Every structure is written in structure tokens, then in C-alpha cells.
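Data first, discussion second: the structure below is written as C-alpha cells.
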Amino acid sequence: MKLRQTEQKKTKIPTASMGDIAFLIIIFFMTTSIFSREKGLKIVLPEKGSEVKIKSENILTIAVNPQGEVLIKDKIVTVPELKDIVKTELATNPDLVIALRVSRTAPYKTMIDVFDELKLAKAEKISLVPVKEGS
Amino acid sequence: MKRIALVKKQDTEIPTASTADIAFLLIIFFMLTTVFRSEFGLKITLPTAEATERIMKRRNVAHVWLDKAGRTSINDNLLDIPSVISIARDKISDNPDLIMVVRADKESEYGRVNDVLEALKEASALKITFATEFEYK
């Protein structure tokens, strides 16, 4: 009598498509990931109650009125001029603190434009003057 | 008589055994770097600025949204100023290195931005960034 020999089965996991699956997942992560969209103008606020007195000759006040006009020492200046003015002021007095006083009803865009010019003029000490309701 | 050697046809094959490994390596990279968008925010147009800088640490960032109509939102909840203070205080106590990003519409009034800044100061959230877009000249 002949017994049928049991054939040993070779088990194999098909791995040929593994790469394809992996690349599919890559495409998913690539399309859903958001690369560093965070950008802007940095400022560090002073701690509450840590107000320091600054000599008035060390302060340069830049004001923005409700019409969006920029004033330095009561003179109207245009935004592109600001950078050079601030640069010369900083050159004569390196301790200068720039106080930015913006009207409540002034457009935010003007404030950012002014702030941008101050950053470009490498002004380190910038202070945003808080404006109360009605002032 | 000279013998001409038979030119053997070469079997060209690209080794594909390791593509899966490379792919999984890339997956791991993308999985680690992905941060899913967690809030929708308000519909705003950001102002542009030339001095715009990138914030490298995305995980240390929280947004405050301010739209044209003067509404304020954090984590997709519309808030008034007192609740901005309490929420900012919670966030700061969770992560003291948190950078608050003020995303305000360029048409909005400065007074609202000022109020939010005062609220953040009250909550001792002192690292602020005004979100802007790059401006090219």
C-alpha cells in the first residue's frame, strides 16, 4: 500500500504590494500636514505692574490717529519715511524707547505697517501704549 | 579562426526589496511632524509685513482670532474679553512657554486688538506674535 506523502506547504506573506501601501500612506500624511504656517511679528509684553519710569527724553512717541495718519512729534509722516527717521533717532540715542500710541478707531493694518517699519529699523525697545475707551 | 564570444543578454533588475522600508521611514517622519489642524478660526485677511518671522515651535502656539466685525475667538468659541483672560490663564499654566498668536483682520479696529493685548497681559501671557503674511517688495 502506498501512502500519500503529506506535502509540506510553504507559507508566504506576499510583500510585493507593501511598498505601494506605504507610499499611499505617505501621500496621505504629506497632503494633510501643514508646514509651519506660523509667522508674524514678535513682541514681548511687559508684566502687569512692572511699569518702569523712563526719562521723557528717551521716549519717542509715534501716534496713529483715527484717520490712519502717522505722527511723530506732531508732524504727519508717511509710513515708508518712518524707517529712516527711527534709524537716525536711534543712532543719536541708542537708549531710545519707541512708544506706539494708536487710536482705538485706527485700522489695525496701519498699526502693523508702523510696527513693521520699527522692526525693519532694528528698534529693540518698542512699547505699545494701552488706549482706554473714550481716549 | 577567431571565435566571437556570444554576447550574453544581461538581465537588468531594480532591487525593490527595500522600497517598503524606505517608504515606512518616510511615513514615520511625516507622522511625527504632522500637526492636524485643530481649529477653523474666523474668516480673516491678515495684514502684510516685510519683517515677518517664522515661529519654529508649532506646538507652543495658541491662536486668538479677531475678525472685522470685532468678534474674538479662541478654539472656535466666540468670547468676550473677560473669558479671554481666564482661557489664556489656563493655557499659560498648562504651558508657560506658550506664544499667543494674535490673528486679527487687517480691517479691524485697533481698539479691539488693544483690549485683547490687555487681557493677555492680565493673564500673564506675555509672548505675543501678530500674525502677518510676508510682503515682497
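The way I read the labels, and the way they are meant: chains A, B, ... in the order of the C-alpha cells, residue 1 as the first residue of every chain, and ligand 1 as the first ligand shown, with later ones counted on from there.
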Kindly determine which residues of chain B lie within 6 Å of chain A, considering only C-alpha atoms, and give the answer as a PDB file with C-alpha atoms, in the first residue's frame.
ATOM      1  CA  THR B  19      11.356  50.275  -1.081  1.00  0.00           C
ATOM      2  CA  ALA B  20       8.838  49.382   1.592  1.00  0.00           C
ATOM      3  CA  ALA B  23       8.537  54.260   2.486  1.00  0.00           C
ATOM      4  CA  PHE B  24       7.834  53.348   6.099  1.00  0.00           C
ATOM      5  CA  ILE B  27       5.812  57.633   6.942  1.00  0.00           C
ATOM      6  CA  PHE B  30       5.559  62.576   8.329  1.00  0.00           C
ATOM      7  CA  THR B  34       2.231  66.381  11.259  1.00  0.00           C
ATOM      8  CA  PRO B  47      -2.036  92.203   7.139  1.00  0.00           C
ATOM      9  CA  ALA B  49       4.692  92.954   6.819  1.00  0.00           C
ATOM     10  CA  ALA B  51       9.779  91.938   8.842  1.00  0.00           C
ATOM     11  CA  THR B  52       7.659  88.774   9.206  1.00  0.00           C
ATOM     12  CA  GLU B  53       9.449  85.976  11.066  1.00  0.00           C
ATOM     13  CA  ARG B  54       8.622  82.309  11.300  1.00  0.00           C
ATOM     14  CA  ILE B  55       7.797  80.665  14.619  1.00  0.00           C
ATOM     15  CA  LYS B 106      -6.339  93.969   8.715  1.00  0.00           C
ATOM     16  CA  GLU B 107      -9.570  95.946   8.524  1.00  0.00           C
ATOM     17  CA  SER B 108     -10.397  95.578  12.208  1.00  0.00           C
ATOM     18  CA  GLU B 109     -10.123  98.473  14.630  1.00  0.00           C
ATOM     19  CA  TYR B 110      -7.023  98.726  16.797  1.00  0.00           C
ATOM     20  CA  GLY B 111      -9.126  99.198  19.932  1.00  0.00           C
ATOM     21  CA  LEU B 126       3.443  87.867  27.533  1.00  0.00           C
ATOM     22  CA  LYS B 127       4.904  86.274  24.413  1.00  0.00           C
ATOM     23  CA  ILE B 128       2.817  87.691  21.615  1.00  0.00           C
ATOM     24  CA  THR B 129       3.078  87.451  17.881  1.00  0.00           C
ATOM     25  CA  PHE B 130       0.982  89.458  15.483  1.00  0.00           C
ATOM     26  CA  ALA B 131       0.242  87.079  12.634  1.00  0.00           C
ATOM     27  CA  THR B 132       1.163  88.607   9.287  1.00  0.00           C
TER      28      THR B 132
END
Exercise for review: Name all residues at most 12 Å from stretch 69-85 of chain B (count only C-alpha atoms; drop same-chain ones fewer than 5 positions away) and give them as a PyMOL selection string.
Suggested key: (chain A and resi 105+107-108) or (chain B and resi 37-44+61-64+90-92+100-125)
With a distance cut-off of 7 Å and only C-alpha atoms, select the neighbouring residues of A:Ile126, excluding the residue or stretch itself and same-chain residues fewer than 4 positions from it, and output the selection as a JSON list (two decimals) with C-alpha atoms, in the first residue's frame.
[["chain", "number", "residue", "atom", "x", "y", "z"],
["A", 97, "VAL", "CA", 12.23, 103.64, 23.69],
["A", 98, "ILE", "CA", 9.62, 103.92, 21.00],
["A", 99, "ALA", "CA", 6.13, 104.35, 22.30]]
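With atom CA of B:Val35 on one side and atom CA of B:Lys57 on the other, the separation reads 11.5 Å.
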Practice item. Pull the helix (DSSP H, G or I) assignments for stretch 36-95 of chain B out of DSSP run on the backbone, and list those residues as JSON, numbers by chain. Key: {"B": [58, 59, 60, 81, 82, 83, 84, 85, 86, 87, 88, 89, 90, 91, 92, 93, 94]}
Using DSSP on the backbone coordinates, identify the residues of chain B assigned to strand (DSSP E or B); present them as an mmCIF file with N, CA and C atoms, in the first residue's frame.
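Just written: out-v3.cif:
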data_model
loop_
_atom_site.group_PDB
_atom_site.id
_atom_site.type_symbol
_atom_site.label_atom_id
_atom_site.label_comp_id
_atom_site.auth_asym_id
_atom_site.auth_seq_id
_atom_site.Cartn_x
_atom_site.Cartn_y
_atom_site.Cartn_z
ATOM 1 N N THR B 48 0.014 92.464 5.854
ATOM 2 C CA THR B 48 1.322 92.022 5.365
ATOM 3 C C THR B 48 2.414 92.850 6.025
ATOM 4 N N ALA B 49 3.559 92.234 6.231
ATOM 5 C CA ALA B 49 4.692 92.954 6.819
ATOM 6 C C ALA B 49 5.984 92.374 6.271
ATOM 7 N N GLU B 53 8.562 87.081 10.687
ATOM 8 C CA GLU B 53 9.449 85.976 11.066
ATOM 9 C C GLU B 53 8.625 84.706 11.213
ATOM 10 N N ARG B 54 9.298 83.583 11.067
ATOM 11 C CA ARG B 54 8.622 82.309 11.300
ATOM 12 C C ARG B 54 8.734 81.918 12.764
ATOM 13 N N VAL B 61 2.111 77.063 20.456
ATOM 14 C CA VAL B 61 1.389 78.189 19.879
ATOM 15 C C VAL B 61 -0.098 78.075 20.159
ATOM 16 N N ALA B 62 -0.712 79.186 20.546
ATOM 17 C CA ALA B 62 -2.167 79.239 20.656
ATOM 18 C C ALA B 62 -2.646 80.475 19.908
ATOM 19 N N HIS B 63 -3.796 80.355 19.312
ATOM 20 C CA HIS B 63 -4.292 81.457 18.481
ATOM 21 C C HIS B 63 -5.425 82.221 19.151
ATOM 22 N N VAL B 64 -5.424 83.510 18.939
ATOM 23 C CA VAL B 64 -6.578 84.344 19.274
ATOM 24 C C VAL B 64 -7.023 84.974 17.969
ATOM 25 N N TRP B 65 -8.282 84.770 17.639
ATOM 26 C CA TRP B 65 -8.780 85.284 16.359
ATOM 27 C C TRP B 65 -9.607 86.543 16.591
ATOM 28 N N LEU B 66 -9.431 87.506 15.696
ATOM 29 C CA LEU B 66 -10.182 88.757 15.788
ATOM 30 C C LEU B 66 -10.646 89.085 14.378
ATOM 31 N N THR B 72 -14.162 87.996 18.868
ATOM 32 C CA THR B 72 -12.934 87.358 19.336
ATOM 33 C C THR B 72 -13.203 85.868 19.505
ATOM 34 N N SER B 73 -12.244 85.044 19.104
ATOM 35 C CA SER B 73 -12.459 83.608 19.219
ATOM 36 C C SER B 73 -11.164 82.899 19.605
ATOM 37 N N ILE B 74 -11.307 81.924 20.522
ATOM 38 C CA ILE B 74 -10.212 81.019 20.846
ATOM 39 C C ILE B 74 -10.787 79.615 20.779
ATOM 40 N N ASN B 77 -14.469 79.113 19.868
ATOM 41 C CA ASN B 77 -15.545 79.631 20.707
ATOM 42 C C ASN B 77 -15.497 81.156 20.666
ATOM 43 N N LEU B 78 -16.635 81.757 20.404
ATOM 44 C CA LEU B 78 -16.676 83.218 20.438
ATOM 45 C C LEU B 78 -16.662 83.655 21.898
ATOM 46 N N LEU B 79 -15.807 84.627 22.202
ATOM 47 C CA LEU B 79 -15.590 85.004 23.602
ATOM 48 C C LEU B 79 -15.649 86.509 23.771
ATOM 49 N N ILE B 99 3.283 80.752 23.119
ATOM 50 C CA ILE B 99 3.287 82.000 22.364
ATOM 51 C C ILE B 99 1.855 82.234 21.886
ATOM 52 N N MET B 100 1.276 83.359 22.241
ATOM 53 C CA MET B 100 -0.072 83.665 21.776
ATOM 54 C C MET B 100 0.041 84.380 20.434
ATOM 55 N N VAL B 101 -0.627 83.839 19.435
ATOM 56 C CA VAL B 101 -0.591 84.459 18.122
ATOM 57 C C VAL B 101 -1.903 85.202 17.909
ATOM 58 N N VAL B 102 -1.798 86.493 17.743
ATOM 59 C CA VAL B 102 -2.983 87.316 17.518
ATOM 60 C C VAL B 102 -3.230 87.369 16.018
ATOM 61 N N ARG B 103 -4.285 86.695 15.596
ATOM 62 C CA ARG B 103 -4.628 86.704 14.177
ATOM 63 C C ARG B 103 -5.808 87.647 13.992
ATOM 64 N N ALA B 104 -5.486 88.874 13.653
ATOM 65 C CA ALA B 104 -6.528 89.887 13.518
ATOM 66 C C ALA B 104 -6.676 90.295 12.065
ATOM 67 N N GLU B 109 -10.554 97.273 13.914
ATOM 68 C CA GLU B 109 -10.123 98.473 14.630
ATOM 69 C C GLU B 109 -9.054 98.112 15.652
ATOM 70 N N LYS B 127 4.274 86.457 25.727
ATOM 71 C CA LYS B 127 4.904 86.274 24.413
ATOM 72 C C LYS B 127 3.823 86.363 23.355
ATOM 73 N N ILE B 128 3.870 87.415 22.589
ATOM 74 C CA ILE B 128 2.817 87.691 21.615
ATOM 75 C C ILE B 128 3.435 87.728 20.226
ATOM 76 N N THR B 129 2.690 87.264 19.272
ATOM 77 C CA THR B 129 3.078 87.451 17.881
ATOM 78 C C THR B 129 1.859 87.944 17.115
ATOM 79 N N PHE B 130 2.044 89.003 16.365
ATOM 80 C CA PHE B 130 0.982 89.458 15.483
ATOM 81 C C PHE B 130 1.124 88.686 14.177
ATOM 82 N N ALA B 131 0.146 87.876 13.859
ATOM 83 C CA ALA B 131 0.242 87.079 12.634
ATOM 84 C C ALA B 131 0.170 87.997 11.417
ATOM 85 N N GLU B 133 1.375 88.193 6.942
ATOM 86 C CA GLU B 133 1.854 87.492 5.754
ATOM 87 C C GLU B 133 3.140 88.167 5.287
ATOM 88 N N PHE B 134 3.970 87.410 4.587
ATOM 89 C CA PHE B 134 5.170 88.010 4.018
ATOM 90 C C PHE B 134 4.784 89.058 2.979
#
Check your understanding: Excluding same-chain residues fewer than 5 positions from A:Asn58, what lies within 8 Å of it counting only C-alpha atoms, as a VMD selection string?
Key -> chain A and resid 93 95 to 97
